[in-house]
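Data first, discussion second: the structure below is written as structure tokens.
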Amino acid sequence: MSTASDTLSESTPAPAPPPSDLLDRLVSLGKQRGFFYQSSEIYGGINALYDYGPLGTRVRRNIRNRWWRSTVELRDDVEGIETSIIMNPQVWVASGHVAGFSDPLVDCTGSCRRRWRADHLPAERAARGRAPDAPGCPECGGDLTEPRQFNLMFRTFLGPVEDTSAQAYLRPETAQGMFVDFKSVLTSSRQRVPFGIAQNGKSFRNEISPGNSIFRTREFEQMEMEFFCEPGTDDHWFDYWRAERFRWYVEELGVRSSRLRLRDHEPDELAHYAKAATDVEYLYPFGWGELEGIANRTDFDLTAHQTASGVDLTYLDPVSGRRYIPYVVEPAAGVDRIMLTVLIDAYDEEEVRGERRVVMRMHPDVAPVQVAVLPLSKKEELTGPARELEHRLRPHFATEYDETQSIGRRYRRQDEIGTPLAVTFDFDSLEDHAVTIRERDGMTQVRVPVEGLEGALRDELARFRERTAARARGGSAG
RNA sequence: GCGGGAGUAGCUCAGCCGGUAGAGCAUUUGCUUCCCAAGCAAAGGGUCGCGGGUUCGAGUCCCGUCUCCCGCUCCA
């Protein structure tokens, strides 16, 4: 087994969670600055669905890009694909979602008003429903409603005619696309087991109780990878991905390790398809929550699809000549949750000269803006060259130009959205052709010639990256 | 779905026993050779979540509804 969580839980005291009102502050900030807001707000909003604003969209793209880069582009053993959101409904029959992705629920109409899963109640209680002499609710003895099906898959219809033969589903996970396309990818990519197939995209679940802002929504975005390997090597790959995925959050997103843990599932909480599972969890203001699940799905899915479709999904190893259905190790992460985590983990407040400074200590590659270009004054002699400078940097960095209000205010505004570097063009710049680079965390400044600015910014960002990862490793950021 | 709390300016909130809507911050404009939320002056911004009712009059009282937060329940 990997050591990340074991080491942590043994050698460090219980980590301090973020302050409990942080989520509220982030929701305000998110709306004010354009990270995320409730969907369809002018119509009164809609439950558990969110839109991402200009800054939030940048952060999400950065998260996706970093995942794609490390999971697909930098590896020669993982292929990326994109499959359709609506698939042949038989996919969801074979995968077990049609039968198993729903719960029959009954409500107590007596004094306790609790809700129960009908299939968890003793048979005679549920069966008698509302009968007056039935034992009813296990808690208070009150009457129970008839069981109602809560199917967690969104249903829709393919084509304009809404009859049951046209019924289809919005995918509740992207994973099935990788299983169903396993054979096509195998033959078109010249990959050999062990190898992985990855994709990122939207999934939909009719959650019974969504909540905690963007943590649990009904439409969400997944980043999933199915790693196919020979049976018998699956434990090894499970441990490998378990450690690799933990590392990714710390090293590449800068999430402090002291608020991360790997939690292995107990045998009785394992999904029916899994032999082993571990959650990467983060300590949110509302408690530990799952960021990513790593599961050993065995050969469950490929076997199920082979049986249901009648298509041979076995793999013939060209070296050993062995034929088998590969086992699958799956790391499955949620983009929305990662963004929430990044924001929560980076959020910091400090006192500077008696004033409160809000600063997002984000990893420079995740931050929505990397370099802000600011003329010291709004005088045209400065704004002209500063604008020009910003346009020159724009192809190389995520830049933003801001000339409104005082320079101090603009620094603070950039701090609040996590911009690591600000370039300030002042009156001296007109003479000495040099500008100031101001850095977010310590508010220190260096003067550099405009000529070498691009390289200087690159160097600064590299140092930033190292600092962020070191801080995340050490635990106590801020 | 149940219980509790809450919806008033972009954000945070005040608004008493019903009398015609306010603060701080933010935003915009002007002036200031201006490096850490600086100063001065001015401006814009609200059908008080939505619908109905009571009343001479409703942000305020009543009913309905939608949304958010917390808890329960649930979570492939």
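To be explicit about the labels: the chains of the structure tokens are called A, B, and onward in the order shown, and within each one the residues are counted from 1, while ligands get numbers from 1 in the order they are shown.
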Set out as JSON lines a contact list for chain B and chain A with a cut-off of 10 Å, giving each residue of chain B that qualifies its closest atom pair and distance in Å to one decimal, counting only C-alpha atoms (C1' of nucleotides), ordered by chain and rising residue number.
{"residue": "B:G1", "atom": "C1'", "partner": "A:Asp107", "partner_atom": "CA", "distance": 7.2}
{"residue": "B:C2", "atom": "C1'", "partner": "A:Arg113", "partner_atom": "CA", "distance": 5.5}
{"residue": "B:G3", "atom": "C1'", "partner": "A:Arg113", "partner_atom": "CA", "distance": 8.6}
{"residue": "B:G10", "atom": "C1'", "partner": "A:Gln32", "partner_atom": "CA", "distance": 6.3}
{"residue": "B:C11", "atom": "C1'", "partner": "A:Ser28", "partner_atom": "CA", "distance": 6.3}
{"residue": "B:U12", "atom": "C1'", "partner": "A:Ser28", "partner_atom": "CA", "distance": 8.9}
{"residue": "B:A26", "atom": "C1'", "partner": "A:Gln32", "partner_atom": "CA", "distance": 8.9}
{"residue": "B:U28", "atom": "C1'", "partner": "A:Thr404", "partner_atom": "CA", "distance": 10.0}
{"residue": "B:U33", "atom": "C1'", "partner": "A:Phe427", "partner_atom": "CA", "distance": 7.0}
{"residue": "B:C34", "atom": "C1'", "partner": "A:Ser377", "partner_atom": "CA", "distance": 6.3}
{"residue": "B:C35", "atom": "C1'", "partner": "A:Ile407", "partner_atom": "CA", "distance": 6.6}
{"residue": "B:C36", "atom": "C1'", "partner": "A:Gly408", "partner_atom": "CA", "distance": 4.1}
{"residue": "B:A37", "atom": "C1'", "partner": "A:Arg409", "partner_atom": "CA", "distance": 4.7}
{"residue": "B:A38", "atom": "C1'", "partner": "A:Ser406", "partner_atom": "CA", "distance": 7.7}
{"residue": "B:G49", "atom": "C1'", "partner": "A:Gly44", "partner_atom": "CA", "distance": 6.7}
{"residue": "B:C50", "atom": "C1'", "partner": "A:Gly44", "partner_atom": "CA", "distance": 8.1}
{"residue": "B:C66", "atom": "C1'", "partner": "A:Gly44", "partner_atom": "CA", "distance": 6.5}
{"residue": "B:U67", "atom": "C1'", "partner": "A:Gly44", "partner_atom": "CA", "distance": 5.9}
{"residue": "B:C68", "atom": "C1'", "partner": "A:Asn47", "partner_atom": "CA", "distance": 8.8}
{"residue": "B:C69", "atom": "C1'", "partner": "A:Asn212", "partner_atom": "CA", "distance": 8.5}
{"residue": "B:C72", "atom": "C1'", "partner": "A:Arg114", "partner_atom": "CA", "distance": 7.0}
{"residue": "B:U73", "atom": "C1'", "partner": "A:Arg115", "partner_atom": "CA", "distance": 5.1}
{"residue": "B:C74", "atom": "C1'", "partner": "A:Ile208", "partner_atom": "CA", "distance": 6.2}
{"residue": "B:C75", "atom": "C1'", "partner": "A:Glu207", "partner_atom": "CA", "distance": 7.3}
{"residue": "B:A76", "atom": "C1'", "partner": "A:Ala271", "partner_atom": "CA", "distance": 6.4}
Quick one: residues within 8 Å of Ser257 in chain A, only C-alpha atoms (C1' of nucleotides), excluding same-chain residues fewer than 6 positions away - as an mmCIF file with all heavy atoms, in the first residue's frame?
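The file below, part39.cif, is the result:
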data_model
loop_
_atom_site.group_PDB
_atom_site.id
_atom_site.type_symbol
_atom_site.label_atom_id
_atom_site.label_comp_id
_atom_site.auth_asym_id
_atom_site.auth_seq_id
_atom_site.Cartn_x
_atom_site.Cartn_y
_atom_site.Cartn_z
ATOM 1 N N VAL A 250 -0.769 17.834 -4.681
ATOM 2 C CA VAL A 250 0.215 18.590 -3.908
ATOM 3 C C VAL A 250 1.200 19.299 -4.831
ATOM 4 O O VAL A 250 1.403 20.509 -4.744
ATOM 5 C CB VAL A 250 0.963 17.645 -2.948
ATOM 6 C CG1 VAL A 250 2.040 18.416 -2.190
ATOM 7 C CG2 VAL A 250 -0.009 16.976 -1.989
ATOM 8 N N ALA A 472 3.008 23.396 -0.174
ATOM 9 C CA ALA A 472 1.961 22.374 -0.156
ATOM 10 C C ALA A 472 2.472 21.089 0.482
ATOM 11 O O ALA A 472 1.777 20.434 1.244
ATOM 12 C CB ALA A 472 1.470 22.104 -1.573
ATOM 13 N N ARG A 473 3.706 20.748 0.177
ATOM 14 C CA ARG A 473 4.316 19.552 0.775
ATOM 15 C C ARG A 473 4.428 19.703 2.278
ATOM 16 O O ARG A 473 4.064 18.817 3.032
ATOM 17 C CB ARG A 473 5.721 19.363 0.211
ATOM 18 C CG ARG A 473 5.845 18.305 -0.840
ATOM 19 C CD ARG A 473 7.270 18.277 -1.357
ATOM 20 N NE ARG A 473 7.338 18.800 -2.710
ATOM 21 C CZ ARG A 473 8.251 19.672 -3.143
ATOM 22 N NH1 ARG A 473 9.167 20.149 -2.323
ATOM 23 N NH2 ARG A 473 8.239 20.073 -4.382
ATOM 24 N N GLY A 474 4.947 20.869 2.685
ATOM 25 C CA GLY A 474 5.155 21.118 4.101
ATOM 26 C C GLY A 474 3.868 21.240 4.867
ATOM 27 O O GLY A 474 3.861 21.083 6.068
ATOM 28 N N GLY A 475 2.820 21.547 4.163
ATOM 29 C CA GLY A 475 1.528 21.551 4.838
ATOM 30 C C GLY A 475 0.993 22.928 5.120
ATOM 31 O O GLY A 475 -0.011 23.318 4.576
#
(Q) Need the shell around G45 in chain B: protein/DNA/RNA residues with any atom at most 10 Å away, counting only C-alpha atoms (C1' of nucleotides). Skip same-chain ones fewer than 2 positions apart. Format as an NGL selection string? (A) :B and (9-10 or 27 or 43)
Q. Excluding same-chain residues fewer than 4 positions from A41 in chain B, what lies within 12 Å of it counting only C-alpha atoms (C1' of nucleotides), as a VMD selection string?
A. chain B and resid 29 to 32
Q | Val255 in chain A environment, 9 Å, only C-alpha atoms (C1' of nucleotides), sequence neighbours closer than 3 positions dropped, as an MDAnalysis selection string | A | chainID A and resid 249:252 258:260 341:342 345:346 362:363 468:469 471:473 475 477
Q | Nearest residue to G22 in chain B from the set B:G39, B:G53, B:G46, B:G4 (distances using only C-alpha atoms (C1' of nucleotides)) | A | B:G46
Q: One decimal, Å: what's the distance from CA of Thr307 in chain A over to CA of Val185 in chain A, could you say?
A: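 Atom-to-atom, CA of Thr307 in chain A and CA of Val185 in chain A are spaced 19.5 Å apart.
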**Q.** All residues 10 Å or closer to U8 in chain B, only C-alpha atoms (C1' of nucleotides), same chain fewer than 3 positions away omitted, as a PyMOL selection string
**A.** chain B and resi 13-15+21+46+48-49+59
